[in-house]
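Have a look at entry_21.tsv below; it lists TSV, C-alpha atoms.
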```tsv
chain	number	residue	atom	x	y	z
A	1	ASN	CA	23.34	17.91	47.64
A	2	MET	CA	26.87	16.81	48.37
A	3	PRO	CA	28.31	17.18	51.86
A	4	PRO	CA	30.76	20.13	52.05
A	5	GLN	CA	33.75	17.83	52.66
A	6	LEU	CA	33.13	16.15	49.26
A	7	LEU	CA	32.98	19.52	47.50
A	8	LYS	CA	36.51	20.53	48.50
A	9	GLY	CA	38.58	21.13	45.40
A	10	ARG	CA	35.51	21.14	43.15
A	11	ALA	CA	33.85	24.20	41.71
A	12	ALA	CA	30.43	24.49	40.17
A	13	VAL	CA	30.92	25.99	36.73
A	14	ARG	CA	27.39	27.30	36.24
A	15	GLU	CA	23.74	26.86	37.09
A	16	PHE	CA	21.05	27.31	34.46
A	17	GLN	CA	17.64	28.21	35.82
A	18	LYS	CA	14.84	28.51	33.28
A	19	HIS	CA	12.42	25.73	34.26
A	20	LYS	CA	9.59	26.46	36.67
A	21	LYS	CA	9.52	22.93	38.11
A	22	VAL	CA	11.73	19.87	38.63
A	23	VAL	CA	14.04	18.82	35.78
A	24	HIS	CA	13.86	15.11	34.89
A	25	ALA	CA	16.28	14.88	31.95
A	26	VAL	CA	19.43	16.50	30.54
A	27	ALA	CA	21.46	15.52	27.48
A	28	TRP	CA	24.23	16.91	25.25
A	29	ASN	CA	23.86	16.74	21.48
A	30	CYS	CA	26.20	14.57	19.36
A	31	ASN	CA	28.89	17.23	18.94
A	32	GLY	CA	28.63	18.80	22.40
A	33	THR	CA	27.43	22.21	21.22
A	34	ARG	CA	23.93	22.11	22.73
A	35	LEU	CA	22.56	21.01	26.08
A	36	ALA	CA	18.86	20.15	26.48
A	37	SER	CA	16.79	19.74	29.62
A	38	GLY	CA	13.25	18.43	30.12
A	39	SER	CA	10.98	19.26	33.03
A	40	VAL	CA	7.75	18.53	34.86
A	41	ASP	CA	6.74	22.07	33.74
A	42	SER	CA	5.95	20.58	30.26
A	43	THR	CA	8.87	22.32	28.53
A	44	ALA	CA	12.30	21.49	27.25
A	45	HIS	CA	15.09	24.06	27.08
A	46	VAL	CA	18.12	24.12	24.81
A	47	TRP	CA	21.30	26.05	25.55
A	48	THR	CA	23.98	26.79	22.97
A	49	GLY	CA	27.47	28.18	23.52
A	50	ILE	CA	27.70	27.29	27.20
A	51	ALA	CA	30.75	25.04	27.19
A	52	GLU	CA	33.91	26.85	28.24
A	53	GLU	CA	35.78	25.78	25.14
A	54	SER	CA	33.01	26.88	22.78
A	55	GLY	CA	34.05	30.54	22.91
A	56	GLY	CA	30.81	31.32	21.10
A	57	LYS	CA	27.86	33.47	21.96
A	58	GLU	CA	25.55	31.88	24.51
A	59	SER	CA	21.89	31.51	23.59
A	60	HIS	CA	18.83	29.80	24.99
A	61	ILE	CA	15.53	28.63	23.51
A	62	GLU	CA	12.40	27.19	25.13
A	63	LEU	CA	10.56	24.33	23.45
A	64	SER	CA	6.89	24.35	24.39
A	65	GLY	CA	3.91	22.36	23.20
A	66	HIS	CA	3.67	19.31	25.46
A	67	GLN	CA	0.61	19.17	27.72
A	68	ASP	CA	2.36	17.19	30.47
A	69	GLY	CA	5.88	16.84	31.83
A	70	VAL	CA	8.87	16.10	29.59
A	71	ASP	CA	10.21	13.01	31.33
A	72	GLN	CA	12.97	12.12	28.88
A	73	LEU	CA	14.69	13.49	25.81
A	74	CYS	CA	17.41	12.44	23.40
A	75	TRP	CA	19.36	13.90	20.49
A	76	ASP	CA	19.70	12.54	16.98
A	77	PRO	CA	23.10	10.79	17.12
A	78	GLN	CA	24.03	12.08	13.65
A	79	HIS	CA	22.44	15.54	13.50
A	80	PRO	CA	23.31	18.05	16.24
A	81	ASP	CA	20.12	20.09	15.76
A	82	ARG	CA	17.44	17.35	16.05
A	83	LEU	CA	15.94	16.62	19.45
A	84	ALA	CA	13.19	14.21	20.53
A	85	THR	CA	11.15	14.65	23.71
A	86	ALA	CA	8.94	12.08	25.46
A	87	SER	CA	6.03	13.26	27.58
A	88	GLY	CA	3.30	12.00	29.86
A	89	ASP	CA	0.85	13.60	27.41
A	90	LYS	CA	1.16	10.44	25.24
A	91	THR	CA	3.21	12.16	22.55
A	92	VAL	CA	6.76	12.25	21.27
A	93	ARG	CA	7.82	15.53	19.70
A	94	LEU	CA	10.67	16.08	17.26
A	95	TRP	CA	12.29	19.52	17.33
A	96	ASP	CA	14.61	21.67	15.28
A	97	ALA	CA	16.86	23.05	18.03
A	98	ARG	CA	18.07	25.91	15.80
A	99	THR	CA	14.61	27.46	15.61
A	100	GLY	CA	12.70	25.83	18.48
A	101	ARG	CA	10.09	24.62	15.99
A	102	CYS	CA	8.31	21.33	16.59
A	103	THR	CA	8.63	19.40	13.32
A	104	ASN	CA	6.55	16.33	14.25
A	105	VAL	CA	4.09	15.23	16.92
A	106	ILE	CA	3.73	11.46	17.21
A	107	GLU	CA	0.88	10.12	19.31
A	108	THR	CA	1.53	6.98	21.37
A	109	ARG	CA	-0.63	4.66	23.50
A	110	GLY	CA	0.49	5.72	26.95
A	111	GLU	CA	2.39	8.10	29.20
A	112	ASN	CA	5.92	8.08	27.77
A	113	ILE	CA	8.81	7.83	30.20
A	114	ASN	CA	11.79	6.51	28.19
A	115	ILE	CA	13.21	7.40	24.78
A	116	ALA	CA	16.26	6.41	22.74
A	117	TRP	CA	17.43	7.21	19.21
A	118	SER	CA	19.00	4.37	17.20
A	119	PRO	CA	22.71	4.80	16.36
A	120	ASP	CA	21.93	5.00	12.62
A	121	ALA	CA	19.41	7.81	13.36
A	122	ALA	CA	16.64	5.97	11.50
A	123	HIS	CA	14.42	5.04	14.45
A	124	ILE	CA	13.34	6.19	17.89
A	125	ALA	CA	12.20	3.75	20.60
A	126	VAL	CA	9.88	5.05	23.29
A	127	GLY	CA	8.60	3.24	26.37
A	128	ASN	CA	5.55	4.09	28.43
A	129	LYS	CA	4.19	3.37	31.91
A	130	ASP	CA	2.05	0.52	30.55
A	131	ASP	CA	5.08	-1.50	29.36
A	132	ASP	CA	4.57	-0.71	25.69
A	133	ILE	CA	7.55	-0.05	23.42
A	134	SER	CA	6.82	2.01	20.31
A	135	ILE	CA	9.13	2.32	17.31
A	136	ILE	CA	9.05	5.57	15.36
A	137	ASP	CA	10.46	6.23	11.89
A	138	ALA	CA	12.59	9.25	12.78
A	139	ARG	CA	12.93	10.50	9.21
A	140	LYS	CA	9.19	10.48	8.48
A	141	GLY	CA	8.04	11.23	12.03
A	142	LYS	CA	5.59	8.31	11.92
A	143	LEU	CA	4.76	5.56	14.41
A	144	LEU	CA	5.73	2.20	12.90
A	145	LYS	CA	4.62	-0.25	15.58
A	146	THR	CA	3.87	-0.69	19.26
A	147	THR	CA	4.54	-3.87	21.21
A	148	LYS	CA	2.97	-4.68	24.59
A	149	PHE	CA	5.18	-6.61	27.02
A	150	ALA	CA	3.92	-8.87	29.80
A	151	TYR	CA	6.74	-7.70	32.06
A	152	GLU	CA	8.23	-4.38	33.08
A	153	VAL	CA	10.16	-2.66	30.30
A	154	ASN	CA	9.86	0.92	31.41
A	155	GLU	CA	13.08	1.19	33.40
```
Please re-express this file's structure in structure tokens.
Amino acid sequence: NMPPQLLKGRAAVREFQKHKKVVHAVAWNCNGTRLASGSVDSTAHVWTGIAEESGGKESHIELSGHQDGVDQLCWDPQHPDRLATASGDKTVRLWDARTGRCTNVIETRGENINIAWSPDAAHIAVGNKDDDISIIDARKGKLLKTTKFAYEVNE
């Protein structure tokens, strides 16, 4: 919460309230047409048509399937409809944001807390609480390798 004196001259455009618990992650897709959020409530939500300049019809979809909180998420940098979510349930899920369908579930060694898609869209890196980094083939939805680090890599 910002002090009132810092809010002078600023206006909140909108609040979106669909999650039942705290939100840990938000991200825009590569072309700015969709906004995703991930929450402790084990869901992700995707909004379309919310930007002022979009002029389109607003829609919303809930992505459910994780058994623990969605701590981080990221969009495919080359495809505006592909989303990846990382959860404490030891899985990464790939989603089709047009339909809300989970296209892949990739099991990992630990509770996932970080995720990043490579710029060429070929791989996803995910970090967990145990300092493991896993590399996923994003096109096949398969875990390629996991490396354990002797130092903290989860921040």
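Using all atoms listed in the file, the contacts of A:Leu35 at a cut-off of 8 Å, with sequence neighbours closer than 6 positions omitted, comprise A:Val26, A:Ala27, A:Trp28, A:Asn29, A:Val46, A:Trp47, A:Thr48.
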Of the candidates A:Arg109, A:Arg101, A:His45, A:Lys90, which one gets nearest to A:Gln67 if we count only C-alpha atoms?
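Residue with the minimum atom-to-atom distance to A:Gln67: A:Lys90.
You will find atom CA of A:Ala125 at 23.4 Å from atom CA of A:Arg98.
The two atoms in question, atom CA of A:Asp81 and atom CA of A:Ser59, are spaced 14.0 Å apart.
What separates atom CA of A:Asp76 from atom CA of A:Trp117 is a distance of 6.2 Å.
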Closest of A:Ile61, A:Ala122, A:Pro77, A:Ala84 to A:Ala25 - atom-to-atom distances counting all atoms listed in the file
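Closest to A:Ala25 of all the choices is A:Ala84.
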Considering only C-alpha atoms, state which residue in the set A:His60, A:Lys129, A:Lys140, A:His24 is at the smallest distance from A:Gln72.
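Ranking A:His60, A:Lys129, A:Lys140, A:His24 by distance to A:Gln72, first place goes to A:His24.
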With only C-alpha atoms as the counted atoms, please give the residues lying no more than 7 Å from A:Asp89, apart from itself and same-chain residues fewer than 4 positions off, as a PDB file with C-alpha atoms, in the frame of the given file.
```
ATOM      1  CA  HIS A  66       3.670  19.310  25.460  1.00  0.00           C
ATOM      2  CA  GLN A  67       0.610  19.170  27.720  1.00  0.00           C
ATOM      3  CA  ASP A  68       2.360  17.190  30.470  1.00  0.00           C
ATOM      4  CA  GLU A 111       2.390   8.100  29.200  1.00  0.00           C
TER       5      GLU A 111
END
```
Find the residues around A:Cys102 up to 10 Å (all atoms listed in the file counted), leave out those fewer than 5 positions away in its own chain, and share them as a VMD selection string.
chain A and resid 63 to 65 82 to 84 93 to 97
Output C-alpha atoms for every residue in that selection, as a PDB file, in the frame of the given file.
```pdb
ATOM      1  CA  LEU A  63      10.560  24.330  23.450  1.00  0.00           C
ATOM      2  CA  SER A  64       6.890  24.350  24.390  1.00  0.00           C
ATOM      3  CA  GLY A  65       3.910  22.360  23.200  1.00  0.00           C
ATOM      4  CA  ARG A  82      17.440  17.350  16.050  1.00  0.00           C
ATOM      5  CA  LEU A  83      15.940  16.620  19.450  1.00  0.00           C
ATOM      6  CA  ALA A  84      13.190  14.210  20.530  1.00  0.00           C
ATOM      7  CA  ARG A  93       7.820  15.530  19.700  1.00  0.00           C
ATOM      8  CA  LEU A  94      10.670  16.080  17.260  1.00  0.00           C
ATOM      9  CA  TRP A  95      12.290  19.520  17.330  1.00  0.00           C
ATOM     10  CA  ASP A  96      14.610  21.670  15.280  1.00  0.00           C
ATOM     11  CA  ALA A  97      16.860  23.050  18.030  1.00  0.00           C
TER      12      ALA A  97
END
```
Need a file for stretch 39-126 of chain A from that block: C-alpha atoms, written as a compact mmCIF listing (two decimals), in the first residue's frame.
```
# COMPACT_ATOMS: atom_id res chain seq x y z
CA SER A 39 -1.66 -17.90 -6.70
CA VAL A 40 -1.26 -19.83 -3.47
CA ASP A 41 -4.81 -21.09 -4.22
CA SER A 42 -3.24 -23.57 -6.74
CA THR A 43 -4.67 -21.82 -9.80
CA ALA A 44 -3.52 -19.51 -12.54
CA HIS A 45 -5.85 -17.06 -14.25
CA VAL A 46 -5.58 -15.55 -17.72
CA TRP A 47 -7.29 -12.34 -18.78
CA THR A 48 -7.71 -11.26 -22.39
CA GLY A 49 -8.85 -7.90 -23.74
CA ILE A 50 -8.10 -5.92 -20.59
CA ALA A 51 -5.62 -3.37 -21.92
CA GLU A 52 -7.23 -0.03 -22.71
CA GLU A 53 -5.88 0.01 -26.23
CA SER A 54 -7.09 -3.52 -27.01
CA GLY A 55 -10.66 -2.39 -27.68
CA GLY A 56 -11.61 -6.05 -27.72
CA LYS A 57 -14.01 -8.09 -25.69
CA GLU A 58 -12.72 -8.90 -22.22
CA SER A 59 -12.59 -12.55 -21.20
CA HIS A 60 -11.19 -14.59 -18.34
CA ILE A 61 -10.22 -18.24 -17.91
CA GLU A 62 -9.10 -20.22 -14.86
CA LEU A 63 -6.31 -22.78 -15.19
CA SER A 64 -6.67 -25.49 -12.57
CA GLY A 65 -4.85 -28.76 -12.00
CA HIS A 66 -1.94 -27.99 -9.68
CA GLN A 67 -2.13 -29.53 -6.20
CA ASP A 68 -0.15 -26.73 -4.53
CA GLY A 69 0.41 -23.02 -5.05
CA VAL A 70 1.48 -21.58 -8.41
CA ASP A 71 4.58 -19.69 -7.32
CA GLN A 72 5.79 -18.54 -10.73
CA LEU A 73 4.70 -18.51 -14.34
CA CYS A 74 6.06 -17.40 -17.70
CA TRP A 75 4.88 -17.08 -21.28
CA ASP A 76 6.42 -18.59 -24.39
CA PRO A 77 8.42 -15.65 -25.81
CA GLN A 78 7.36 -16.50 -29.38
CA HIS A 79 3.80 -17.80 -28.99
CA PRO A 80 1.25 -15.58 -27.23
CA ASP A 81 -1.02 -18.49 -26.23
CA ARG A 82 1.49 -20.79 -24.46
CA LEU A 83 1.96 -20.44 -20.72
CA ALA A 84 4.10 -22.40 -18.24
CA THR A 85 3.36 -22.58 -14.51
CA ALA A 86 5.67 -23.75 -11.71
CA SER A 87 4.18 -25.16 -8.53
CA GLY A 88 5.12 -26.46 -5.12
CA ASP A 89 3.45 -29.72 -6.16
CA LYS A 90 6.71 -30.68 -7.95
CA THR A 91 5.28 -30.15 -11.43
CA VAL A 92 5.52 -27.70 -14.29
CA ARG A 93 2.40 -27.41 -16.43
CA LEU A 94 2.18 -26.12 -19.99
CA TRP A 95 -1.12 -24.53 -20.99
CA ASP A 96 -3.00 -23.43 -24.07
CA ALA A 97 -4.31 -20.05 -22.90
CA ARG A 98 -6.96 -19.98 -25.65
CA THR A 99 -8.77 -23.01 -24.22
CA GLY A 100 -7.42 -23.31 -20.68
CA ARG A 101 -6.31 -26.86 -21.46
CA CYS A 102 -3.20 -28.26 -19.81
CA THR A 103 -1.11 -29.69 -22.66
CA ASN A 104 1.75 -31.18 -20.59
CA VAL A 105 2.54 -32.04 -16.98
CA ILE A 106 6.25 -32.38 -16.27
CA GLU A 107 7.27 -33.87 -12.94
CA THR A 108 10.35 -32.43 -11.23
CA ARG A 109 12.41 -33.35 -8.15
CA GLY A 110 11.28 -30.62 -5.79
CA GLU A 111 8.96 -27.75 -4.95
CA ASN A 112 9.32 -25.40 -7.92
CA ILE A 113 9.68 -21.70 -7.21
CA ASN A 114 11.32 -20.17 -10.32
CA ILE A 115 10.70 -20.59 -14.04
CA ALA A 116 12.00 -19.00 -17.24
CA TRP A 117 11.45 -19.70 -20.94
CA SER A 118 14.49 -19.46 -23.23
CA PRO A 119 14.39 -16.64 -25.82
CA ASP A 120 14.29 -19.16 -28.70
CA ALA A 121 11.27 -20.85 -27.03
CA ALA A 122 12.97 -24.25 -27.14
CA HIS A 123 13.60 -24.76 -23.42
CA ILE A 124 12.22 -23.94 -19.99
CA ALA A 125 14.44 -23.70 -16.90
CA VAL A 126 12.84 -24.32 -13.52
```
